[in-house]
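A.B. asks: First, the structure itself, so that you have it in front of you.
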Amino acid sequence: MTQEQYGMWLCSIEGIGSHTIQKLIEAVGTPEKVYEKTLEELERIPGIGEKEAKLLIQSKRHFRYRSMKEQVKAHEMEVVSYFSRDYPEKCRQISDFPKRLYFKGKLPEEDLQIAIVGARNCSHYGREMARKFAYELARENVGIVSGMARGIDGWAHQGALEAGGNTYAVLGNSAEICYPKEHEKLYRSILKRGGVLAEYPPETPAMPAFFPMRNRIISALSDGVLIVEARAKSGSLITADQALEQGKDIFVIPGRIGDSLSEGCNHLIQQGALLVTKPADILDFYETNGLLLRRKNRKKLSKIKVSLESHEKMVYANLSLEPKEINQIAKETSLSIAPLMKTLFSMQRKGLIEEVGKNNYIKL
């Protein structure tokens, strides 16, 4: 077998986890040398018991590298093990590394990756913040990592795609299965501008226990994690905890006091997470700390400057990131419906506002 095959063998054994693999490599050196050991020799390795030694010996008879690769290829996927040359270096740095990564598309390749996570049942404000931050960061050649879940995850991916950047989804099932189903279009778009990854072999369905596990990979692939909205008890906080254990930076968008979707975020800020109010805060943090390697072509983050008519100024000042119904706008601006509709249409064309739902508007 080749070195690649020996590595894939060791990482394919059920019951032999990442911690055991680390002990074996520390004691022996390479997967090939582990393969060559007898049962008695394996049992003498510190931290390796009779059960693990037998699993290692038995697996030699059952491992079929070619058939495994053919199965992966049949699903238009690729697979790398911890020992593969193309395995993401950031994942090597965590103690509970994924033994294998199956992926469609490509693996993260940017100098800087930021994970963006948050509530599934997010507010409109949260959705727009995830989208905006992902958009601006992706424009700066930052890879956006998330979990393709409903809510904040999905909008983070969408924002990166709209910017023409790369984004990567880590799933709680095998990489050829789109979950949730309603993200089929998003899934296909991610494959064109990034990749979909999982540590589970083909045909593995989504299971509740898999999602907390995949969160450690989301944070591992990233240099920092941005929490957009999170309740007091949420999966996003699990990701934040795992990121802290991995030595990652935690960024938080503050939320309104008393809002349940803000409780987790505001608590993280109290605990010392970095409060951010604009994408430039994250970029400046890494530039200041010398962690951005390719910044020569950096574009300046800037707002669109548009000359506004008086009615447009009035309406724009009236709107926020929370949807407002047209009759309420008319009442608060003292504009009649006909000129207000004309003004709103003009502002939409300029990219200043967006209609969300019938006759409900937000500023961008």
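Naming scheme: A, B, ... for chains in displayed order of the structure tokens; residues 1 onward per chain; ligands 1 onward as shown.
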Just want the 6 Å neighbourhood of range 344-361 of chain A, counted on only C-alpha atoms, with same-chain residues fewer than 3 positions away dropped. Output as number ranges by chain.
C.D. replies: A: 323-326, 341, 364
A.B. asks: Give me, as JSON, numbers by chain, all polymer residues having an atom no more than 12 Å from Tyr87 in chain A, counting only C-alpha atoms and skipping those fewer than 4 positions away in the same chain.
C.D. replies: {"A": [4, 7, 8, 78, 79, 80, 81, 82, 83, 91, 92, 93, 97, 98, 99, 100, 101, 102, 103, 106, 107, 108, 109, 197, 199, 221]}
A.B. asks: Please, could you write that set of residues out with C-alpha atoms as a tab-separated table (two decimals), in the first residue's frame?
C.D. replies:
chain	number	residue	atom	x	y	z
A	4	GLU	CA	-1.94	7.62	1.44
A	7	GLY	CA	-3.27	6.77	6.42
A	8	MET	CA	-6.77	6.14	5.08
A	78	GLU	CA	-13.49	13.27	-2.76
A	79	VAL	CA	-12.08	12.19	0.58
A	80	VAL	CA	-8.93	13.10	2.51
A	81	SER	CA	-7.67	11.59	5.73
A	82	TYR	CA	-5.80	13.30	8.54
A	83	PHE	CA	-2.59	12.04	6.92
A	91	CYS	CA	-8.12	20.97	11.31
A	92	ARG	CA	-4.81	19.30	12.17
A	93	GLN	CA	-4.43	21.74	15.07
A	97	PHE	CA	-9.73	16.34	14.56
A	98	PRO	CA	-12.06	14.74	12.00
A	99	LYS	CA	-10.30	11.57	10.87
A	100	ARG	CA	-11.60	11.94	7.33
A	101	LEU	CA	-13.23	14.75	5.42
A	102	TYR	CA	-15.51	13.98	2.50
A	103	PHE	CA	-16.20	16.91	0.24
A	106	LYS	CA	-13.17	22.30	-2.97
A	107	LEU	CA	-11.59	22.65	0.44
A	108	PRO	CA	-11.00	26.09	2.01
A	109	GLU	CA	-7.96	27.77	0.48
A	197	LEU	CA	-17.78	19.10	3.64
A	199	GLU	CA	-16.81	13.80	8.22
A	221	LEU	CA	-11.67	25.52	9.63
A.B. asks: Within range 19-124 of chain A, find each residue whose DSSP state, derived from the backbone, is alpha helix (DSSP H), and express the selection as a short mmCIF file (atom, residue, chain, number, x, y, z; two decimals) with C-alpha atoms, in the first residue's frame.
C.D. replies:
data_model
loop_
_atom_site.label_atom_id
_atom_site.label_comp_id
_atom_site.auth_asym_id
_atom_site.auth_seq_id
_atom_site.Cartn_x
_atom_site.Cartn_y
_atom_site.Cartn_z
CA HIS A 19 -7.05 10.66 20.39
CA THR A 20 -6.06 7.02 19.91
CA ILE A 21 -4.54 7.82 16.52
CA GLN A 22 -2.45 10.55 18.14
CA LYS A 23 -1.16 8.09 20.75
CA LEU A 24 -0.26 5.57 18.06
CA ILE A 25 1.61 8.10 15.94
CA GLU A 26 3.46 9.53 18.94
CA ALA A 27 4.59 6.03 19.87
CA VAL A 28 5.29 4.54 16.44
CA PRO A 31 0.42 4.73 9.89
CA GLU A 32 2.54 2.23 7.95
CA LYS A 33 4.50 1.34 11.08
CA VAL A 34 1.25 0.97 13.02
CA TYR A 35 0.03 -1.42 10.31
CA GLU A 36 3.15 -3.53 10.66
CA LEU A 39 -1.16 -7.62 18.41
CA GLU A 40 1.31 -7.98 21.26
CA GLU A 41 3.35 -4.98 20.12
CA LEU A 42 0.23 -2.82 19.87
CA GLU A 43 -0.91 -3.78 23.34
CA GLU A 50 -6.58 -5.00 24.18
CA LYS A 51 -9.81 -3.81 22.56
CA GLU A 52 -8.08 -1.17 20.42
CA ALA A 53 -5.24 -3.53 19.48
CA LYS A 54 -7.71 -6.18 18.25
CA LEU A 55 -9.64 -3.60 16.22
CA LEU A 56 -6.41 -2.55 14.51
CA ILE A 57 -5.46 -6.13 13.63
CA GLN A 58 -8.96 -7.12 12.45
CA SER A 59 -9.32 -4.03 10.29
CA LYS A 60 -6.43 -5.13 8.08
CA ARG A 61 -8.59 -7.96 6.73
CA HIS A 62 -11.63 -5.78 6.04
CA TYR A 65 -9.16 1.10 -0.24
CA ARG A 66 -10.22 0.81 -3.87
CA SER A 67 -13.87 0.01 -3.17
CA MET A 68 -14.03 2.86 -0.64
CA LYS A 69 -12.67 5.31 -3.20
CA GLU A 70 -15.06 4.01 -5.87
CA GLN A 71 -18.03 4.54 -3.56
CA VAL A 72 -16.91 8.10 -2.87
CA LYS A 73 -16.34 8.78 -6.57
CA ALA A 74 -19.79 7.41 -7.42
CA GLU A 89 -4.02 22.38 8.08
CA LYS A 90 -6.30 24.24 10.50
CA CYS A 91 -8.12 20.97 11.31
CA ARG A 92 -4.81 19.30 12.17
CA HIS A 124 -34.95 40.08 9.75
#
A.B. asks: Would you mind listing what lies within 8 Å of Arg127 in chain A as a PDB file with N, CA and C atoms, in the first residue's frame, with only C-alpha atoms counted and same-chain residues fewer than 5 positions away left out?
C.D. replies:
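The file below, result.pdb, is the result:
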ATOM      1  N   CYS A 122     -34.101  33.239  12.959  1.00  0.00           N
ATOM      2  CA  CYS A 122     -33.513  34.559  13.166  1.00  0.00           C
ATOM      3  C   CYS A 122     -34.504  35.666  12.815  1.00  0.00           C
ATOM      4  N   GLY A 151     -31.864  29.952   8.509  1.00  0.00           N
ATOM      5  CA  GLY A 151     -31.578  31.152   9.277  1.00  0.00           C
ATOM      6  C   GLY A 151     -30.222  31.748   8.969  1.00  0.00           C
ATOM      7  N   ILE A 152     -29.485  32.108  10.023  1.00  0.00           N
ATOM      8  CA  ILE A 152     -28.230  32.844   9.882  1.00  0.00           C
ATOM      9  C   ILE A 152     -27.239  32.122   8.975  1.00  0.00           C
ATOM     10  N   TRP A 155     -28.102  32.566   5.272  1.00  0.00           N
ATOM     11  CA  TRP A 155     -27.923  33.932   4.788  1.00  0.00           C
ATOM     12  C   TRP A 155     -26.450  34.323   4.731  1.00  0.00           C
TER      13      TRP A 155
END
A.B. asks: Which is closest to Leu274 in chain A among A:Val225, A:Thr2, A:Ser12, A:Gly17, if we use only C-alpha atoms?
C.D. replies: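 Closest residue, counting only C-alpha atoms: A:Val225.
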A.B. asks: Would you kindly return, as a ChimeraX atom specification, each protein, DNA or RNA residue with an atom no farther than 7 Å from any atom of Gly159 in chain A, considering only C-alpha atoms and excluding same-chain residues fewer than 5 positions away?
C.D. replies: /A:131-132,134-135
A.B. asks: As a short mmCIF file (atom, residue, chain, number, x, y, z; two decimals) with N, CA, C and O atoms, in the first residue's frame, please: every residue in range 8-177 of chain A that DSSP puts in strand (DSSP E).
C.D. replies:
data_model
loop_
_atom_site.label_atom_id
_atom_site.label_comp_id
_atom_site.auth_asym_id
_atom_site.auth_seq_id
_atom_site.Cartn_x
_atom_site.Cartn_y
_atom_site.Cartn_z
N GLU A 78 -14.88 13.64 -3.06
CA GLU A 78 -13.49 13.27 -2.76
C GLU A 78 -13.38 13.07 -1.26
O GLU A 78 -14.23 13.52 -0.49
N VAL A 79 -12.30 12.41 -0.85
CA VAL A 79 -12.08 12.19 0.58
C VAL A 79 -10.59 12.35 0.89
O VAL A 79 -9.74 11.96 0.09
N VAL A 80 -10.31 13.00 2.02
CA VAL A 80 -8.93 13.10 2.51
C VAL A 80 -8.92 12.63 3.95
O VAL A 80 -9.89 12.82 4.69
N SER A 81 -7.84 11.99 4.34
CA SER A 81 -7.67 11.59 5.73
C SER A 81 -6.77 12.58 6.43
O SER A 81 -6.15 13.45 5.80
N ARG A 100 -11.47 11.81 8.78
CA ARG A 100 -11.60 11.94 7.33
C ARG A 100 -12.53 13.11 7.03
O ARG A 100 -13.44 13.39 7.80
N LEU A 101 -12.32 13.74 5.92
CA LEU A 101 -13.23 14.75 5.42
C LEU A 101 -13.65 14.38 4.00
O LEU A 101 -12.80 14.23 3.11
N TYR A 102 -14.94 14.21 3.83
CA TYR A 102 -15.51 13.98 2.50
C TYR A 102 -16.00 15.33 1.99
O TYR A 102 -16.59 16.11 2.75
N PHE A 103 -15.78 15.61 0.72
CA PHE A 103 -16.20 16.91 0.24
C PHE A 103 -16.57 16.90 -1.24
O PHE A 103 -16.07 16.09 -2.01
N LYS A 104 -17.45 17.81 -1.57
CA LYS A 104 -17.80 18.13 -2.95
C LYS A 104 -17.38 19.58 -3.18
O LYS A 104 -17.49 20.41 -2.29
N GLY A 105 -16.93 19.87 -4.39
CA GLY A 105 -16.40 21.20 -4.63
C GLY A 105 -14.94 21.23 -4.24
O GLY A 105 -14.16 20.38 -4.65
N GLN A 113 -10.21 32.63 7.04
CA GLN A 113 -11.58 32.12 7.00
C GLN A 113 -12.32 32.56 8.25
O GLN A 113 -11.77 32.48 9.36
N ILE A 114 -13.54 33.01 8.06
CA ILE A 114 -14.39 33.41 9.16
C ILE A 114 -15.67 32.57 9.13
O ILE A 114 -16.32 32.47 8.09
N ALA A 115 -16.01 31.96 10.26
CA ALA A 115 -17.28 31.25 10.38
C ALA A 115 -18.35 32.24 10.82
O ALA A 115 -18.10 33.09 11.68
N ILE A 116 -19.52 32.15 10.23
CA ILE A 116 -20.66 32.98 10.62
C ILE A 116 -21.80 32.05 10.99
O ILE A 116 -22.26 31.26 10.16
N VAL A 117 -22.23 32.11 12.24
CA VAL A 117 -23.28 31.21 12.73
C VAL A 117 -24.28 32.00 13.57
O VAL A 117 -24.00 33.11 14.01
N GLY A 143 -12.71 33.63 3.21
CA GLY A 143 -13.59 32.49 3.03
C GLY A 143 -14.64 32.47 4.14
O GLY A 143 -14.31 32.66 5.31
N ILE A 144 -15.89 32.25 3.78
CA ILE A 144 -16.99 32.22 4.74
C ILE A 144 -17.40 30.78 5.00
O ILE A 144 -17.74 30.04 4.07
N VAL A 145 -17.34 30.37 6.26
CA VAL A 145 -17.66 29.00 6.66
C VAL A 145 -18.93 29.01 7.51
O VAL A 145 -19.09 29.86 8.39
N SER A 146 -19.84 28.08 7.24
CA SER A 146 -21.03 27.95 8.07
C SER A 146 -21.60 26.55 7.90
O SER A 146 -20.95 25.67 7.33
N THR A 167 -17.45 30.23 -0.27
CA THR A 167 -18.09 29.87 0.99
C THR A 167 -18.13 28.35 1.12
O THR A 167 -18.19 27.63 0.11
N TYR A 168 -18.08 27.87 2.36
CA TYR A 168 -17.94 26.44 2.63
C TYR A 168 -18.96 26.01 3.67
O TYR A 168 -19.08 26.65 4.73
N ALA A 169 -19.68 24.95 3.37
CA ALA A 169 -20.71 24.45 4.28
C ALA A 169 -20.26 23.13 4.89
O ALA A 169 -19.83 22.22 4.17
N VAL A 170 -20.34 23.03 6.20
CA VAL A 170 -20.02 21.79 6.91
C VAL A 170 -21.34 21.19 7.37
O VAL A 170 -22.11 21.83 8.10
#
A.B. asks: I'd like the neighbourhood of Phe210 in chain A as a PyMOL selection string, where a residue qualifies if any of its atoms comes within 12 Å (using only C-alpha atoms), though same-chain residues fewer than 4 positions away should be ignored.
C.D. replies: chain A and resi 147+170-174+198-200+204-206+214-217+235
A.B. asks: What is the distance, in Å and to one decimal place, between CA of Glu14 in chain A and CA of Pro201 in chain A?
C.D. replies: 11.9 Å
A.B. asks: So which one's closest to Ala317 in chain A, A:Leu161, A:Ile329, A:Ala209, A:Ala119? Using only C-alpha atoms, please.
C.D. replies: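 Using only C-alpha atoms, Ala317 in chain A sits closest to A:Ile329.
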A.B. asks: Please indicate the distance in Å from CA of Glu322 in chain A to CA of Arg188 in chain A, rounded to one decimal place.
C.D. replies: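 These atoms are spaced 29.7 Å apart.
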A.B. asks: For CA of Ile238 in chain A and CA of Gln158 in chain A, determine how far apart the two atoms are, in Å to one decimal place.
C.D. replies: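 So the two atoms, CA of Ile238 in chain A and CA of Gln158 in chain A, lie 23.0 Å apart.
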A.B. asks: Could you give me, as a PDB file with N, CA, C and O atoms, in the first residue's frame, the residues within 10 Å of Tyr187 in chain A, counting only C-alpha atoms and dropping anything in the same chain fewer than 2 positions from it?
C.D. replies:
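The resulting file, result35.pdb, is shown below:
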ATOM      1  N   MET A 148     -24.897  25.748   6.670  1.00  0.00           N
ATOM      2  CA  MET A 148     -25.995  25.641   5.702  1.00  0.00           C
ATOM      3  C   MET A 148     -27.352  25.370   6.348  1.00  0.00           C
ATOM      4  O   MET A 148     -28.277  24.882   5.704  1.00  0.00           O
ATOM      5  N   GLY A 154     -27.651  30.040   6.450  1.00  0.00           N
ATOM      6  CA  GLY A 154     -28.017  30.151   5.043  1.00  0.00           C
ATOM      7  C   GLY A 154     -27.771  31.536   4.487  1.00  0.00           C
ATOM      8  O   GLY A 154     -27.263  31.695   3.363  1.00  0.00           O
ATOM      9  N   HIS A 157     -24.012  32.206   3.874  1.00  0.00           N
ATOM     10  CA  HIS A 157     -23.583  31.630   2.592  1.00  0.00           C
ATOM     11  C   HIS A 157     -24.065  32.500   1.434  1.00  0.00           C
ATOM     12  O   HIS A 157     -23.316  32.775   0.494  1.00  0.00           O
ATOM     13  N   TYR A 168     -18.081  27.874   2.362  1.00  0.00           N
ATOM     14  CA  TYR A 168     -17.938  26.443   2.628  1.00  0.00           C
ATOM     15  C   TYR A 168     -18.960  26.014   3.671  1.00  0.00           C
ATOM     16  O   TYR A 168     -19.084  26.655   4.725  1.00  0.00           O
ATOM     17  N   ALA A 169     -19.681  24.951   3.371  1.00  0.00           N
ATOM     18  CA  ALA A 169     -20.710  24.446   4.276  1.00  0.00           C
ATOM     19  C   ALA A 169     -20.260  23.130   4.891  1.00  0.00           C
ATOM     20  O   ALA A 169     -19.833  22.222   4.168  1.00  0.00           O
ATOM     21  N   GLU A 176     -23.073  14.487   0.087  1.00  0.00           N
ATOM     22  CA  GLU A 176     -23.897  14.450  -1.130  1.00  0.00           C
ATOM     23  C   GLU A 176     -25.376  14.671  -0.838  1.00  0.00           C
ATOM     24  O   GLU A 176     -26.194  14.779  -1.759  1.00  0.00           O
ATOM     25  N   ILE A 177     -25.736  14.756   0.427  1.00  0.00           N
ATOM     26  CA  ILE A 177     -27.131  14.961   0.815  1.00  0.00           C
ATOM     27  C   ILE A 177     -27.346  16.424   1.186  1.00  0.00           C
ATOM     28  O   ILE A 177     -26.652  16.952   2.058  1.00  0.00           O
ATOM     29  N   CYS A 178     -28.299  17.073   0.516  1.00  0.00           N
ATOM     30  CA  CYS A 178     -28.618  18.462   0.840  1.00  0.00           C
ATOM     31  C   CYS A 178     -29.603  18.482   2.011  1.00  0.00           C
ATOM     32  O   CYS A 178     -30.720  17.976   1.901  1.00  0.00           O
ATOM     33  N   TYR A 179     -29.155  19.064   3.124  1.00  0.00           N
ATOM     34  CA  TYR A 179     -30.025  19.195   4.296  1.00  0.00           C
ATOM     35  C   TYR A 179     -29.828  20.576   4.893  1.00  0.00           C
ATOM     36  O   TYR A 179     -28.697  20.982   5.141  1.00  0.00           O
ATOM     37  N   PRO A 180     -30.938  21.335   5.066  1.00  0.00           N
ATOM     38  CA  PRO A 180     -32.330  20.997   4.781  1.00  0.00           C
ATOM     39  C   PRO A 180     -32.637  21.031   3.284  1.00  0.00           C
ATOM     40  O   PRO A 180     -31.944  21.701   2.525  1.00  0.00           O
ATOM     41  N   LYS A 181     -33.704  20.349   2.893  1.00  0.00           N
ATOM     42  CA  LYS A 181     -34.060  20.189   1.499  1.00  0.00           C
ATOM     43  C   LYS A 181     -34.314  21.510   0.803  1.00  0.00           C
ATOM     44  O   LYS A 181     -34.021  21.683  -0.386  1.00  0.00           O
ATOM     45  N   GLU A 182     -34.883  22.484   1.535  1.00  0.00           N
ATOM     46  CA  GLU A 182     -35.207  23.755   0.894  1.00  0.00           C
ATOM     47  C   GLU A 182     -33.978  24.558   0.482  1.00  0.00           C
ATOM     48  O   GLU A 182     -34.090  25.579  -0.193  1.00  0.00           O
ATOM     49  N   HIS A 183     -32.796  24.096   0.877  1.00  0.00           N
ATOM     50  CA  HIS A 183     -31.565  24.788   0.495  1.00  0.00           C
ATOM     51  C   HIS A 183     -30.899  24.147  -0.723  1.00  0.00           C
ATOM     52  O   HIS A 183     -29.699  24.351  -0.949  1.00  0.00           O
ATOM     53  N   GLU A 184     -31.659  23.437  -1.513  1.00  0.00           N
ATOM     54  CA  GLU A 184     -31.114  22.759  -2.684  1.00  0.00           C
ATOM     55  C   GLU A 184     -30.427  23.738  -3.636  1.00  0.00           C
ATOM     56  O   GLU A 184     -29.312  23.499  -4.120  1.00  0.00           O
ATOM     57  N   LYS A 185     -31.075  24.859  -3.900  1.00  0.00           N
ATOM     58  CA  LYS A 185     -30.489  25.856  -4.807  1.00  0.00           C
ATOM     59  C   LYS A 185     -29.221  26.449  -4.194  1.00  0.00           C
ATOM     60  O   LYS A 185     -28.208  26.626  -4.883  1.00  0.00           O
ATOM     61  N   SER A 189     -25.264  26.254  -5.522  1.00  0.00           N
ATOM     62  CA  SER A 189     -24.482  27.481  -5.704  1.00  0.00           C
ATOM     63  C   SER A 189     -23.174  27.427  -4.919  1.00  0.00           C
ATOM     64  O   SER A 189     -22.129  27.888  -5.392  1.00  0.00           O
ATOM     65  N   ILE A 190     -23.226  26.864  -3.716  1.00  0.00           N
ATOM     66  CA  ILE A 190     -22.014  26.743  -2.898  1.00  0.00           C
ATOM     67  C   ILE A 190     -20.976  25.873  -3.611  1.00  0.00           C
ATOM     68  O   ILE A 190     -19.778  26.162  -3.577  1.00  0.00           O
ATOM     69  N   LEU A 191     -21.434  24.820  -4.278  1.00  0.00           N
ATOM     70  CA  LEU A 191     -20.507  23.932  -4.973  1.00  0.00           C
ATOM     71  C   LEU A 191     -19.770  24.647  -6.109  1.00  0.00           C
ATOM     72  O   LEU A 191     -18.645  24.267  -6.461  1.00  0.00           O
ATOM     73  N   LYS A 192     -20.382  25.692  -6.658  1.00  0.00           N
ATOM     74  CA  LYS A 192     -19.736  26.446  -7.730  1.00  0.00           C
ATOM     75  C   LYS A 192     -18.713  27.449  -7.199  1.00  0.00           C
ATOM     76  O   LYS A 192     -17.798  27.837  -7.901  1.00  0.00           O
ATOM     77  N   GLY A 195     -17.235  24.843  -1.347  1.00  0.00           N
ATOM     78  CA  GLY A 195     -17.341  23.409  -1.154  1.00  0.00           C
ATOM     79  C   GLY A 195     -18.284  23.033  -0.029  1.00  0.00           C
ATOM     80  O   GLY A 195     -18.632  23.860   0.819  1.00  0.00           O
ATOM     81  N   VAL A 196     -18.708  21.779  -0.057  1.00  0.00           N
ATOM     82  CA  VAL A 196     -19.553  21.196   0.987  1.00  0.00           C
ATOM     83  C   VAL A 196     -18.765  20.050   1.605  1.00  0.00           C
ATOM     84  O   VAL A 196     -18.274  19.169   0.893  1.00  0.00           O
TER      85      VAL A 196
END
